file data28.txt (compact mmCIF, C-alpha atoms)
# COMPACT_ATOMS: atom_id res chain seq x y z
CA MET A 17 -20.50 -8.67 -0.38
CA THR A 18 -18.41 -11.45 1.13
CA ASP A 19 -18.18 -15.23 1.03
CA ASN A 20 -16.32 -15.37 4.34
CA LEU A 21 -18.13 -16.48 7.49
CA GLN A 22 -18.47 -13.78 10.14
CA TYR A 23 -17.87 -15.27 13.60
CA THR A 24 -16.71 -12.23 15.56
CA HIS A 25 -19.20 -9.65 16.77
CA PRO A 26 -20.25 -7.74 13.65
CA ASP A 27 -20.38 -4.40 15.53
CA VAL A 28 -16.72 -4.72 16.49
CA THR A 29 -15.66 -5.53 12.95
CA LYS A 30 -17.82 -2.72 11.59
CA ARG A 31 -16.26 -0.18 13.95
CA LYS A 32 -12.74 -1.20 12.97
CA TYR A 33 -13.73 -1.20 9.29
CA ASP A 34 -15.12 2.34 9.66
CA GLU A 35 -11.87 3.50 11.29
CA GLU A 36 -9.82 2.12 8.41
CA LEU A 37 -12.14 3.70 5.87
CA LYS A 38 -12.10 7.04 7.68
CA ASP A 39 -8.29 7.12 7.61
CA PHE A 40 -8.38 6.44 3.88
CA VAL A 41 -10.98 9.12 3.14
CA LYS A 42 -9.00 11.68 5.13
CA ILE A 43 -6.08 11.40 2.71
CA SER A 44 -7.93 10.17 -0.37
CA GLU A 45 -6.61 13.12 -2.41
CA LEU A 46 -3.06 11.89 -1.78
CA TRP A 47 -4.00 8.38 -2.87
CA ARG A 48 -5.75 9.80 -5.93
CA LYS A 49 -2.51 11.50 -7.03
CA LYS A 50 -0.85 8.09 -6.77
CA GLY A 51 -3.60 6.62 -8.94
CA VAL A 52 -5.46 4.79 -6.16
CA PHE A 53 -9.24 5.17 -6.25
CA LEU A 54 -11.94 3.74 -4.00
CA ILE A 55 -14.53 2.34 -6.40
CA SER A 56 -16.92 0.54 -4.09
CA GLU A 57 -17.52 0.31 -0.36
CA THR A 58 -20.05 -2.02 1.23
CA HIS A 59 -19.19 -3.37 4.66
CA PRO A 60 -17.19 -5.58 5.05
CA THR A 61 -15.54 -5.11 1.64
CA ILE A 62 -13.85 -2.21 -0.11
CA GLU A 63 -12.74 -2.20 -3.72
CA PHE A 64 -9.89 -0.13 -5.07
CA LEU A 65 -8.66 0.62 -8.53
CA PHE A 66 -4.97 1.26 -9.19
CA ALA A 67 -4.20 3.43 -12.20
CA LEU A 68 -0.89 4.45 -13.74
CA PRO A 69 -1.09 8.27 -13.64
CA LYS A 70 2.38 8.89 -15.08
CA LEU A 71 1.59 7.13 -18.34
CA LYS A 72 -0.06 8.92 -21.26
CA PRO A 73 -2.77 7.95 -21.85
CA SER A 74 -3.21 6.78 -18.27
CA ALA A 75 -4.14 3.17 -17.80
CA ILE A 76 -5.82 0.95 -15.25
CA SER A 77 -3.23 -1.31 -13.75
CA PHE A 78 -5.35 -3.58 -11.55
CA ALA A 79 -8.19 -3.60 -9.03
CA VAL A 80 -8.60 -5.37 -5.71
CA ARG A 81 -11.31 -6.32 -3.24
CA ILE A 82 -10.30 -6.14 0.42
CA ASP A 83 -12.57 -8.06 2.78
CA PHE A 84 -12.59 -7.08 6.46
CA THR A 85 -14.76 -9.96 7.68
CA ASN A 86 -13.69 -10.79 11.29
CA TYR A 87 -11.13 -7.95 11.28
CA ASP A 88 -8.93 -7.76 13.26
CA VAL A 89 -9.23 -11.20 14.81
CA GLU A 90 -8.28 -12.14 11.27
CA PRO A 91 -6.32 -10.04 8.80
CA PRO A 92 -8.15 -8.68 5.75
CA SER A 93 -8.52 -10.92 2.72
CA LEU A 94 -7.25 -9.57 -0.59
CA LYS A 95 -8.37 -10.66 -4.05
CA PHE A 96 -7.62 -9.21 -7.45
CA ILE A 97 -10.74 -8.41 -9.42
CA CYS A 98 -11.74 -7.27 -12.87
CA PRO A 99 -12.49 -3.54 -12.41
CA PHE A 100 -15.38 -3.77 -14.90
CA THR A 101 -17.19 -6.89 -13.69
CA GLY A 102 -15.91 -7.50 -10.16
CA LYS A 103 -14.99 -11.09 -11.09
CA PHE A 104 -12.01 -12.65 -9.29
CA LEU A 105 -9.01 -12.88 -11.58
CA THR A 106 -6.46 -15.64 -12.03
CA LYS A 107 -2.79 -14.75 -11.84
CA LYS A 108 -2.57 -14.82 -15.61
CA GLU A 109 -5.51 -12.44 -15.89
CA VAL A 110 -4.07 -9.97 -13.37
CA GLY A 111 -1.13 -9.50 -15.71
CA MET A 112 0.77 -7.29 -13.27
CA LYS A 113 3.96 -8.22 -11.44
CA PHE A 114 4.77 -7.10 -7.90
CA ILE A 115 8.52 -7.48 -7.78
CA GLN A 116 10.28 -7.47 -4.43
CA ALA A 117 14.07 -7.27 -4.42
CA LYS A 118 15.60 -9.53 -1.81
CA VAL A 119 19.02 -8.48 -0.60
CA PRO A 120 20.96 -11.15 1.36
CA GLU A 121 21.13 -10.47 5.10
CA VAL A 122 24.85 -11.24 5.18
CA ILE A 123 27.09 -9.64 2.58
CA GLN A 124 30.55 -11.14 2.13
CA PRO A 125 33.26 -8.53 1.50
CA GLY A 126 34.81 -8.86 -1.92
CA LEU A 127 32.05 -11.05 -3.28
CA PRO A 128 29.32 -9.81 -5.63
CA VAL A 129 25.95 -9.20 -3.96
CA GLN A 130 23.24 -11.33 -5.43
CA ILE A 131 19.88 -9.58 -5.40
CA GLN A 132 16.96 -11.92 -5.96
CA GLN A 133 13.72 -10.73 -7.46
CA GLN A 134 10.48 -12.30 -6.37
CA ASP A 135 6.93 -11.68 -7.55
CA LEU A 136 4.76 -11.11 -4.46
CA LEU A 137 1.78 -12.37 -6.43
CA GLN A 138 1.98 -16.08 -5.79
CA GLY A 139 0.10 -19.02 -7.25
CA SER A 140 -0.30 -20.91 -10.51
CA GLU A 141 -1.08 -18.97 -13.64
CA ASN A 142 -4.64 -20.33 -13.88
CA GLU A 143 -5.53 -20.04 -10.20
CA ILE A 144 -6.67 -17.13 -8.06
CA PRO A 145 -3.38 -15.77 -6.72
CA PHE A 146 -2.53 -14.40 -3.28
CA PHE A 147 -0.47 -11.40 -2.28
CA CYS A 148 2.37 -12.99 -0.38
CA ILE A 149 3.10 -10.70 2.56
CA PRO A 150 2.25 -10.90 6.27
CA GLY A 151 -0.94 -9.00 7.09
CA ILE A 152 -2.98 -10.61 4.30
CA LYS A 153 -5.38 -13.44 5.20
CA GLU A 154 -4.40 -15.61 2.25
CA TYR A 155 -0.73 -15.41 3.29
CA HIS A 156 -1.43 -16.57 6.84
CA ASP A 157 -3.87 -19.26 5.65
CA HIS A 158 -1.29 -20.75 3.30
CA PRO A 159 0.10 -24.11 4.56
CA ALA A 160 3.65 -22.86 3.98
CA HIS A 161 3.14 -20.01 6.46
CA THR A 162 1.71 -21.85 9.47
CA GLY A 163 4.73 -20.74 11.50
CA ASP A 164 4.02 -17.10 10.81
CA ALA A 165 0.69 -16.50 12.51
CA TRP A 166 -1.36 -13.32 12.09
CA LEU A 167 -1.37 -12.78 15.85
CA LEU A 168 2.37 -12.10 15.66
CA TYR A 169 1.55 -9.05 13.52
CA ARG A 170 -1.83 -7.84 14.77
CA LYS A 171 -1.56 -4.30 16.17
CA ARG A 172 1.91 -3.88 14.71
CA GLY A 173 0.85 -2.18 11.48
CA GLU A 174 0.50 -5.06 9.05
CA GLY A 175 -3.06 -5.67 7.90
CA ARG A 176 -4.10 -2.02 8.19
CA LEU A 177 -5.77 -0.64 5.08
CA GLY A 178 -3.04 1.97 4.67
CA PHE A 179 -0.40 -0.74 4.88
CA ILE A 180 -2.08 -2.92 2.25
CA LEU A 181 -2.61 -0.06 -0.21
CA ASP A 182 0.93 1.12 0.33
CA GLN A 183 2.39 -2.33 -0.39
CA LEU A 184 0.22 -2.85 -3.47
CA TYR A 185 1.20 0.58 -4.75
CA SER A 186 4.92 0.48 -3.91
CA TYR A 187 5.57 -2.85 -5.63
CA SER A 188 3.66 -1.96 -8.80
CA THR A 189 2.86 1.56 -9.99
CA PRO A 190 6.26 3.29 -9.49
CA THR A 191 8.01 0.45 -11.33
CA VAL A 192 6.04 0.97 -14.55
CA LYS A 193 7.81 3.58 -16.65
CA SER A 194 6.28 3.23 -20.09
CA TYR A 195 4.11 1.12 -22.33
CA GLY A 196 3.35 0.80 -26.01
CA ILE A 197 0.03 1.26 -27.72
CA ASN A 198 -1.06 0.18 -31.16
CA TYR A 199 -4.27 1.75 -32.33
CA VAL A 200 -6.44 -0.54 -34.38
CA ILE A 201 -9.47 1.22 -35.80
CA GLY A 202 -12.45 -1.07 -36.20
CA PHE A 203 -15.96 -0.62 -37.58
CA ASN A 204 -19.02 -2.28 -36.19
CA GLN A 205 -21.02 -1.70 -39.32
CA GLN A 206 -20.27 -3.10 -42.71
CA ILE A 207 -19.52 -0.37 -45.19
CA GLU A 208 -21.18 -0.79 -48.52
CA PHE A 209 -19.16 0.53 -51.39
CA PRO A 210 -21.06 1.72 -54.45
CA SER A 211 -20.84 -0.78 -57.27
CA LYS A 212 -19.28 0.37 -60.49
CA MET B 233 8.10 34.65 22.63
CA GLY B 234 4.98 32.89 23.94
CA LYS B 235 4.97 29.22 24.83
CA ASN B 236 3.03 28.20 21.74
CA GLU B 237 4.84 30.39 19.23
CA LYS B 238 7.25 28.78 16.81
CA SER B 239 10.79 30.04 16.36
CA PRO B 240 12.08 30.69 12.81
CA ASN B 241 13.96 27.41 13.05
CA GLN B 242 10.78 25.43 13.58
CA ILE B 243 8.33 24.09 11.04
CA SER B 244 5.41 21.65 11.05
CA LEU B 245 5.57 18.42 9.12
CA THR B 246 2.73 16.12 8.19
CA PHE B 247 3.42 12.41 8.04
CA ILE B 248 1.24 9.61 6.72
CA VAL B 249 2.09 6.70 8.99
CA ASN B 250 0.80 3.47 7.51
CA GLY B 251 -2.15 5.40 6.08
CA THR B 252 -2.88 7.60 9.10
CA GLU B 253 -2.20 11.34 9.03
CA ILE B 254 -0.09 12.76 11.87
CA GLU B 255 1.14 16.33 12.19
CA ILE B 256 4.35 17.04 14.10
CA THR B 257 4.69 20.65 15.13
CA LYS B 258 7.74 22.58 16.22
CA VAL B 259 10.16 20.51 14.18
CA ASN B 260 13.65 21.95 14.55
CA VAL B 261 15.05 22.22 11.03
CA HIS B 262 18.59 21.68 12.33
CA GLN B 263 17.73 18.24 13.69
CA PRO B 264 17.87 15.08 11.60
CA LEU B 265 14.55 14.08 10.04
CA LYS B 266 14.83 10.88 12.07
CA VAL B 267 13.79 12.78 15.22
CA SER B 268 10.45 13.83 13.69
CA VAL B 269 9.91 10.37 12.21
CA GLU B 270 10.34 8.81 15.65
CA LYS B 271 7.84 11.31 17.10
CA ALA B 272 5.34 10.57 14.34
CA LEU B 273 5.65 6.84 14.96
CA ALA B 274 5.20 7.31 18.71
CA GLU B 275 2.18 9.62 18.34
CA SER B 276 0.50 7.22 15.93
CA GLY B 277 1.01 4.35 18.36
CA ASN B 278 3.52 2.56 16.15
CA THR B 279 6.08 1.72 18.77
CA GLY B 280 7.88 -1.48 19.61
CA ARG B 281 9.61 -2.15 16.35
CA PRO B 282 12.96 -0.84 15.10
CA LEU B 283 13.16 2.26 12.96
CA SER B 284 14.83 0.15 10.28
CA ASP B 285 11.46 -1.57 9.72
CA TRP B 286 10.10 1.68 8.26
CA GLN B 287 10.65 3.50 5.00
CA VAL B 288 10.25 7.27 4.73
CA LYS B 289 9.24 8.40 1.26
CA LEU B 290 8.38 11.56 -0.59
CA ASP B 291 7.07 11.23 -4.13
CA ASP B 292 8.10 7.56 -4.17
CA ASN B 293 11.72 8.44 -3.32
CA GLU B 294 13.18 7.13 -0.09
CA LEU B 295 14.57 9.86 2.17
CA ASP B 296 17.77 9.59 4.15
CA ILE B 297 16.40 10.37 7.59
CA SER B 298 19.85 10.94 9.05
CA GLN B 299 19.95 14.22 7.08
CA LYS B 300 18.87 17.49 8.69
CA VAL B 301 15.31 18.61 8.00
CA GLU B 302 16.54 21.86 6.41
CA SER B 303 18.51 19.93 3.78
CA PHE B 304 15.29 18.64 2.19
CA ASN B 305 13.77 22.10 1.54
CA PHE B 306 10.31 20.69 2.12
CA PRO B 307 7.60 22.77 0.48
CA GLU B 308 4.71 24.14 2.55
CA GLY B 309 2.06 21.50 3.26
CA VAL B 310 4.27 18.57 2.30
CA LYS B 311 3.03 15.09 3.27
CA ILE B 312 5.68 12.48 3.92
CA PHE B 313 4.83 8.79 3.83
CA ILE B 314 6.17 6.49 6.54
CA SER B 315 5.54 2.94 5.43
CA LEU B 316 6.28 -0.43 6.89
CA LYS B 317 8.66 -2.50 4.86
CA ALA B 318 6.82 -5.59 3.76
CA GLY B 319 7.94 -8.91 5.15
CA GLN B 320 9.88 -10.91 2.65
CA GLY B 321 7.33 -12.73 0.57
CA GLY B 322 7.49 -16.49 0.66
CA ASP B 323 10.36 -16.62 3.13
CA ARG B 324 8.75 -18.80 5.67

call {"tool": "encode", "arguments": {"input": "data28.txt", "output": "structure tokens"}}
result
Amino acid sequence: MTDNLQYTHPDVTKRKYDEELKDFVKISELWRKKGVFLISETHPTIEFLFALPKLKPSAISFAVRIDFTNYDVEPPSLKFICPFTGKFLTKKEVGMKFIQAKVPEVIQPGLPVQIQQQDLLQGSENEIPFFCIPGIKEYHDHPAHTGDAWLLYRKRGEGRLGFILDQLYSYSTPTVKSYGINYVIGFNQQIEFPSK
Amino acid sequence: MGKNEKSPNQISLTFIVNGTEIEITKVNVHQPLKVSVEKALAESGNTGRPLSDWQVKLDDNELDISQKVESFNFPEGVKIFISLKAGQGGDR
């Protein structure tokens, strides 16, 4: 299901969508080992769940809905969703960081190199965030990126399903090394103790 | 040796280029991995951008593609990811 308006020929978009999906299915076992699962597929959207397979017990990290409406006249749209309800999540609710290290293009000899860290998930804490890389509709639609049009990237690799999954995975799952769990045992029923 | 037979110095490597599977046959193990990576990019239609735009990874570890193929001791059936480096978020 999509809220985006389809203005390109739906057959063209569907064919390109099917090609992307076919490429994913062909190597889905590889993605599975990385903790990436396809959980729903209804043209023009596909939903994926990203798990953390190296953690014990394994955990769900996040889930996304990728919308291929008008692809590839437009890049796919990407939203973070609740894996249980499908509801769009705010940045605060996503809870995951996608840290990109930015190394300066010019390094001065003898001076320390300052590496900046930036979360690719952009937006206010209580708003629906966007994944801030070229090849994502929300990136190109953002007023700050009007000089970086999608058509500069189309057919160059960005925006492909494999590219998007790879970026989501690379900036999240491998960076999570451990987590802590506190078990709290609860009872739904009131226990009646025998009176003395 | 027939035209299609591989010599002992040749192996096949499977690459996942931006999510698409590509097999490169007759990879000379004495050549740098870079040669096979360039072939995989060309065969998958990913031309026109510098090699430095791509990352080559195995099990989430970036490979030094200037090294010879034999130095990696790739296991049978290995699948190597070639991924585009993401544009710098929020730069523009």

call {"tool": "residues_around", "arguments": {"input": "data28.txt", "residues": "region 245-255 of chain B", "least_positions_apart": "4", "cutoff": "6 Å", "atoms": "only C-alpha atoms", "output": "JSON, numbers by chain"}}
result
{"A": [39, 178, 179], "B": [311, 312, 313, 314, 315]}

call {"tool": "atom_distance", "arguments": {"input": "data28.txt", "atom1": "CA of Asp19 (chain A)", "atom2": "CA of Arg81 (chain A)"}}
result
12.0 Å

call {"tool": "residues_around", "arguments": {"input": "data28.txt", "residues": "region 289-295 of chain B", "least_positions_apart": "4", "cutoff": "12 Å", "atoms": "all atoms listed in the file", "output": "PyMOL selection string"}}
result
(chain A and resi 46-47+49-50+182+185-191) or (chain B and resi 246-250+264-266+269+299-301+303-304+306-307+310-317)

call {"tool": "write_last_selection", "arguments": {"input": "data28.txt", "atoms": "C-alpha atoms", "output": "PDB file, in the frame of the given file"}}
result
ATOM      1  CA  LEU A  46      -3.060  11.890  -1.780  1.00  0.00           C
ATOM      2  CA  TRP A  47      -4.000   8.380  -2.870  1.00  0.00           C
ATOM      3  CA  LYS A  49      -2.510  11.500  -7.030  1.00  0.00           C
ATOM      4  CA  LYS A  50      -0.850   8.090  -6.770  1.00  0.00           C
ATOM      5  CA  ASP A 182       0.930   1.120   0.330  1.00  0.00           C
ATOM      6  CA  TYR A 185       1.200   0.580  -4.750  1.00  0.00           C
ATOM      7  CA  SER A 186       4.920   0.480  -3.910  1.00  0.00           C
ATOM      8  CA  TYR A 187       5.570  -2.850  -5.630  1.00  0.00           C
ATOM      9  CA  SER A 188       3.660  -1.960  -8.800  1.00  0.00           C
ATOM     10  CA  THR A 189       2.860   1.560  -9.990  1.00  0.00           C
ATOM     11  CA  PRO A 190       6.260   3.290  -9.490  1.00  0.00           C
ATOM     12  CA  THR A 191       8.010   0.450 -11.330  1.00  0.00           C
TER      13      THR A 191
ATOM     14  CA  THR B 246       2.730  16.120   8.190  1.00  0.00           C
ATOM     15  CA  PHE B 247       3.420  12.410   8.040  1.00  0.00           C
ATOM     16  CA  ILE B 248       1.240   9.610   6.720  1.00  0.00           C
ATOM     17  CA  VAL B 249       2.090   6.700   8.990  1.00  0.00           C
ATOM     18  CA  ASN B 250       0.800   3.470   7.510  1.00  0.00           C
ATOM     19  CA  PRO B 264      17.870  15.080  11.600  1.00  0.00           C
ATOM     20  CA  LEU B 265      14.550  14.080  10.040  1.00  0.00           C
ATOM     21  CA  LYS B 266      14.830  10.880  12.070  1.00  0.00           C
ATOM     22  CA  VAL B 269       9.910  10.370  12.210  1.00  0.00           C
ATOM     23  CA  GLN B 299      19.950  14.220   7.080  1.00  0.00           C
ATOM     24  CA  LYS B 300      18.870  17.490   8.690  1.00  0.00           C
ATOM     25  CA  VAL B 301      15.310  18.610   8.000  1.00  0.00           C
ATOM     26  CA  SER B 303      18.510  19.930   3.780  1.00  0.00           C
ATOM     27  CA  PHE B 304      15.290  18.640   2.190  1.00  0.00           C
ATOM     28  CA  PHE B 306      10.310  20.690   2.120  1.00  0.00           C
ATOM     29  CA  PRO B 307       7.600  22.770   0.480  1.00  0.00           C
ATOM     30  CA  VAL B 310       4.270  18.570   2.300  1.00  0.00           C
ATOM     31  CA  LYS B 311       3.030  15.090   3.270  1.00  0.00           C
ATOM     32  CA  ILE B 312       5.680  12.480   3.920  1.00  0.00           C
ATOM     33  CA  PHE B 313       4.830   8.790   3.830  1.00  0.00           C
ATOM     34  CA  ILE B 314       6.170   6.490   6.540  1.00  0.00           C
ATOM     35  CA  SER B 315       5.540   2.940   5.430  1.00  0.00           C
ATOM     36  CA  LEU B 316       6.280  -0.430   6.890  1.00  0.00           C
ATOM     37  CA  LYS B 317       8.660  -2.500   4.860  1.00  0.00           C
TER      38      LYS B 317
END

call {"tool": "residues_around", "arguments": {"input": "data28.txt", "residues": "Ser268 (chain B)", "least_positions_apart": "3", "cutoff": "7 Å", "atoms": "all atoms listed in the file", "output": "PyMOL selection string"}}
result
chain B and resi 256+259+265+271-272

call {"tool": "closest_atom_pairs", "arguments": {"input": "data28.txt", "of": "chain A", "to": "chain B", "cutoff": "7 Å", "atoms": "all atoms listed in the file", "output": "JSON lines"}}
result
{"residue": "A:Asp39", "atom": "CA", "partner": "B:Thr252", "partner_atom": "CA", "distance": 5.6}
{"residue": "A:Phe40", "atom": "CA", "partner": "B:Gly251", "partner_atom": "CA", "distance": 6.7}
{"residue": "A:Leu136", "atom": "CA", "partner": "B:Gly321", "partner_atom": "CA", "distance": 5.9}
{"residue": "A:Cys148", "atom": "CA", "partner": "B:Gly321", "partner_atom": "CA", "distance": 5.1}
{"residue": "A:Ile149", "atom": "CA", "partner": "B:Gly321", "partner_atom": "CA", "distance": 5.1}
{"residue": "A:Pro150", "atom": "CA", "partner": "B:Gly319", "partner_atom": "CA", "distance": 6.1}
{"residue": "A:Ala160", "atom": "CA", "partner": "B:Arg324", "partner_atom": "CA", "distance": 6.7}
{"residue": "A:His161", "atom": "CA", "partner": "B:Arg324", "partner_atom": "CA", "distance": 5.8}
{"residue": "A:Arg172", "atom": "CA", "partner": "B:Asn278", "partner_atom": "CA", "distance": 6.8}
{"residue": "A:Gly173", "atom": "CA", "partner": "B:Asn250", "partner_atom": "CA", "distance": 6.9}
{"residue": "A:Gly178", "atom": "CA", "partner": "B:Gly251", "partner_atom": "CA", "distance": 3.8}
{"residue": "A:Phe179", "atom": "CA", "partner": "B:Asn250", "partner_atom": "CA", "distance": 5.1}
{"residue": "A:Gln183", "atom": "CA", "partner": "B:Ala318", "partner_atom": "CA", "distance": 6.9}

call {"tool": "atom_distance", "arguments": {"input": "data28.txt", "atom1": "CA of Phe114 (chain A)", "atom2": "CA of Lys193 (chain A)"}}
result
14.1 Å

call {"tool": "atom_distance", "arguments": {"input": "data28.txt", "atom1": "CA of Tyr155 (chain A)", "atom2": "CA of Ser93 (chain A)"}}
result
9.0 Å

call {"tool": "residues_around", "arguments": {"input": "data28.txt", "residues": "Leu68 (chain A)", "least_positions_apart": "6", "cutoff": "9 Å", "atoms": "only C-alpha atoms", "output": "list in words"}}
result
Lys50, Gly51, Val52, Ser74, Ala75, Ile76, Ser77, Thr189, Pro190 and Val192 of chain A

call {"tool": "decode", "arguments": {"input": "data28.txt", "residues": "region 241-250 of chain B", "atoms": "all heavy atoms", "output": "PDB file, in the first residue's frame"}}
result
ATOM      1  N   ASN B 241      45.674 -22.352 -11.900  1.00  0.00           N
ATOM      2  CA  ASN B 241      45.822 -21.004 -11.332  1.00  0.00           C
ATOM      3  C   ASN B 241      44.559 -20.175 -11.477  1.00  0.00           C
ATOM      4  O   ASN B 241      44.575 -18.977 -11.196  1.00  0.00           O
ATOM      5  CB  ASN B 241      46.974 -20.260 -12.021  1.00  0.00           C
ATOM      6  CG  ASN B 241      48.306 -20.863 -11.666  1.00  0.00           C
ATOM      7  OD1 ASN B 241      48.450 -21.459 -10.598  1.00  0.00           O
ATOM      8  ND2 ASN B 241      49.263 -20.744 -12.561  1.00  0.00           N
ATOM      9  N   GLN B 242      43.497 -20.814 -11.946  1.00  0.00           N
ATOM     10  CA  GLN B 242      42.267 -20.045 -12.174  1.00  0.00           C
ATOM     11  C   GLN B 242      41.135 -20.552 -11.282  1.00  0.00           C
ATOM     12  O   GLN B 242      40.983 -21.753 -11.088  1.00  0.00           O
ATOM     13  CB  GLN B 242      41.850 -20.151 -13.637  1.00  0.00           C
ATOM     14  CG  GLN B 242      42.798 -19.426 -14.578  1.00  0.00           C
ATOM     15  CD  GLN B 242      42.393 -19.554 -16.023  1.00  0.00           C
ATOM     16  OE1 GLN B 242      41.752 -20.522 -16.415  1.00  0.00           O
ATOM     17  NE2 GLN B 242      42.764 -18.577 -16.831  1.00  0.00           N
ATOM     18  N   ILE B 243      40.382 -19.604 -10.772  1.00  0.00           N
ATOM     19  CA  ILE B 243      39.205 -19.956  -9.962  1.00  0.00           C
ATOM     20  C   ILE B 243      38.027 -19.104 -10.447  1.00  0.00           C
ATOM     21  O   ILE B 243      38.187 -18.210 -11.277  1.00  0.00           O
ATOM     22  CB  ILE B 243      39.439 -19.695  -8.446  1.00  0.00           C
ATOM     23  CG1 ILE B 243      39.756 -18.199  -8.192  1.00  0.00           C
ATOM     24  CG2 ILE B 243      40.534 -20.590  -7.902  1.00  0.00           C
ATOM     25  CD1 ILE B 243      39.722 -17.831  -6.725  1.00  0.00           C
ATOM     26  N   SER B 244      36.853 -19.412  -9.930  1.00  0.00           N
ATOM     27  CA  SER B 244      35.675 -18.570 -10.193  1.00  0.00           C
ATOM     28  C   SER B 244      35.333 -17.816  -8.913  1.00  0.00           C
ATOM     29  O   SER B 244      35.466 -18.371  -7.813  1.00  0.00           O
ATOM     30  CB  SER B 244      34.480 -19.432 -10.599  1.00  0.00           C
ATOM     31  OG  SER B 244      34.733 -20.038 -11.833  1.00  0.00           O
ATOM     32  N   LEU B 245      34.928 -16.595  -9.070  1.00  0.00           N
ATOM     33  CA  LEU B 245      34.520 -15.803  -7.903  1.00  0.00           C
ATOM     34  C   LEU B 245      33.123 -15.240  -8.144  1.00  0.00           C
ATOM     35  O   LEU B 245      32.811 -14.811  -9.261  1.00  0.00           O
ATOM     36  CB  LEU B 245      35.490 -14.642  -7.661  1.00  0.00           C
ATOM     37  CG  LEU B 245      36.878 -14.981  -7.100  1.00  0.00           C
ATOM     38  CD1 LEU B 245      37.734 -13.720  -7.029  1.00  0.00           C
ATOM     39  CD2 LEU B 245      36.773 -15.618  -5.718  1.00  0.00           C
ATOM     40  N   THR B 246      32.321 -15.258  -7.115  1.00  0.00           N
ATOM     41  CA  THR B 246      30.980 -14.677  -7.226  1.00  0.00           C
ATOM     42  C   THR B 246      30.943 -13.357  -6.459  1.00  0.00           C
ATOM     43  O   THR B 246      31.333 -13.301  -5.291  1.00  0.00           O
ATOM     44  CB  THR B 246      29.916 -15.637  -6.666  1.00  0.00           C
ATOM     45  OG1 THR B 246      30.053 -16.879  -7.355  1.00  0.00           O
ATOM     46  CG2 THR B 246      28.513 -15.096  -6.883  1.00  0.00           C
ATOM     47  N   PHE B 247      30.503 -12.339  -7.147  1.00  0.00           N
ATOM     48  CA  PHE B 247      30.389 -11.016  -6.539  1.00  0.00           C
ATOM     49  C   PHE B 247      28.917 -10.619  -6.446  1.00  0.00           C
ATOM     50  O   PHE B 247      28.108 -10.997  -7.292  1.00  0.00           O
ATOM     51  CB  PHE B 247      31.120  -9.963  -7.384  1.00  0.00           C
ATOM     52  CG  PHE B 247      32.613 -10.149  -7.425  1.00  0.00           C
ATOM     53  CD1 PHE B 247      33.211 -10.894  -8.435  1.00  0.00           C
ATOM     54  CD2 PHE B 247      33.425  -9.586  -6.455  1.00  0.00           C
ATOM     55  CE1 PHE B 247      34.584 -11.074  -8.479  1.00  0.00           C
ATOM     56  CE2 PHE B 247      34.809  -9.755  -6.488  1.00  0.00           C
ATOM     57  CZ  PHE B 247      35.388 -10.505  -7.498  1.00  0.00           C
ATOM     58  N   ILE B 248      28.586  -9.878  -5.421  1.00  0.00           N
ATOM     59  CA  ILE B 248      27.259  -9.281  -5.301  1.00  0.00           C
ATOM     60  C   ILE B 248      27.466  -7.786  -5.513  1.00  0.00           C
ATOM     61  O   ILE B 248      27.948  -7.079  -4.626  1.00  0.00           O
ATOM     62  CB  ILE B 248      26.626  -9.532  -3.911  1.00  0.00           C
ATOM     63  CG1 ILE B 248      26.684 -11.013  -3.524  1.00  0.00           C
ATOM     64  CG2 ILE B 248      25.202  -8.992  -3.865  1.00  0.00           C
ATOM     65  CD1 ILE B 248      25.892 -11.948  -4.392  1.00  0.00           C
ATOM     66  N   VAL B 249      27.152  -7.327  -6.714  1.00  0.00           N
ATOM     67  CA  VAL B 249      27.384  -5.919  -7.047  1.00  0.00           C
ATOM     68  C   VAL B 249      26.096  -5.140  -6.811  1.00  0.00           C
ATOM     69  O   VAL B 249      25.116  -5.304  -7.547  1.00  0.00           O
ATOM     70  CB  VAL B 249      27.837  -5.751  -8.508  1.00  0.00           C
ATOM     71  CG1 VAL B 249      28.213  -4.301  -8.783  1.00  0.00           C
ATOM     72  CG2 VAL B 249      29.019  -6.649  -8.818  1.00  0.00           C
ATOM     73  N   ASN B 250      26.109  -4.336  -5.764  1.00  0.00           N
ATOM     74  CA  ASN B 250      24.921  -3.534  -5.448  1.00  0.00           C
ATOM     75  C   ASN B 250      23.655  -4.389  -5.410  1.00  0.00           C
ATOM     76  O   ASN B 250      22.595  -3.983  -5.868  1.00  0.00           O
ATOM     77  CB  ASN B 250      24.765  -2.421  -6.493  1.00  0.00           C
ATOM     78  CG  ASN B 250      24.595  -1.067  -5.844  1.00  0.00           C
ATOM     79  OD1 ASN B 250      24.816  -0.904  -4.644  1.00  0.00           O
ATOM     80  ND2 ASN B 250      24.186  -0.091  -6.618  1.00  0.00           N
TER      81      ASN B 250
END
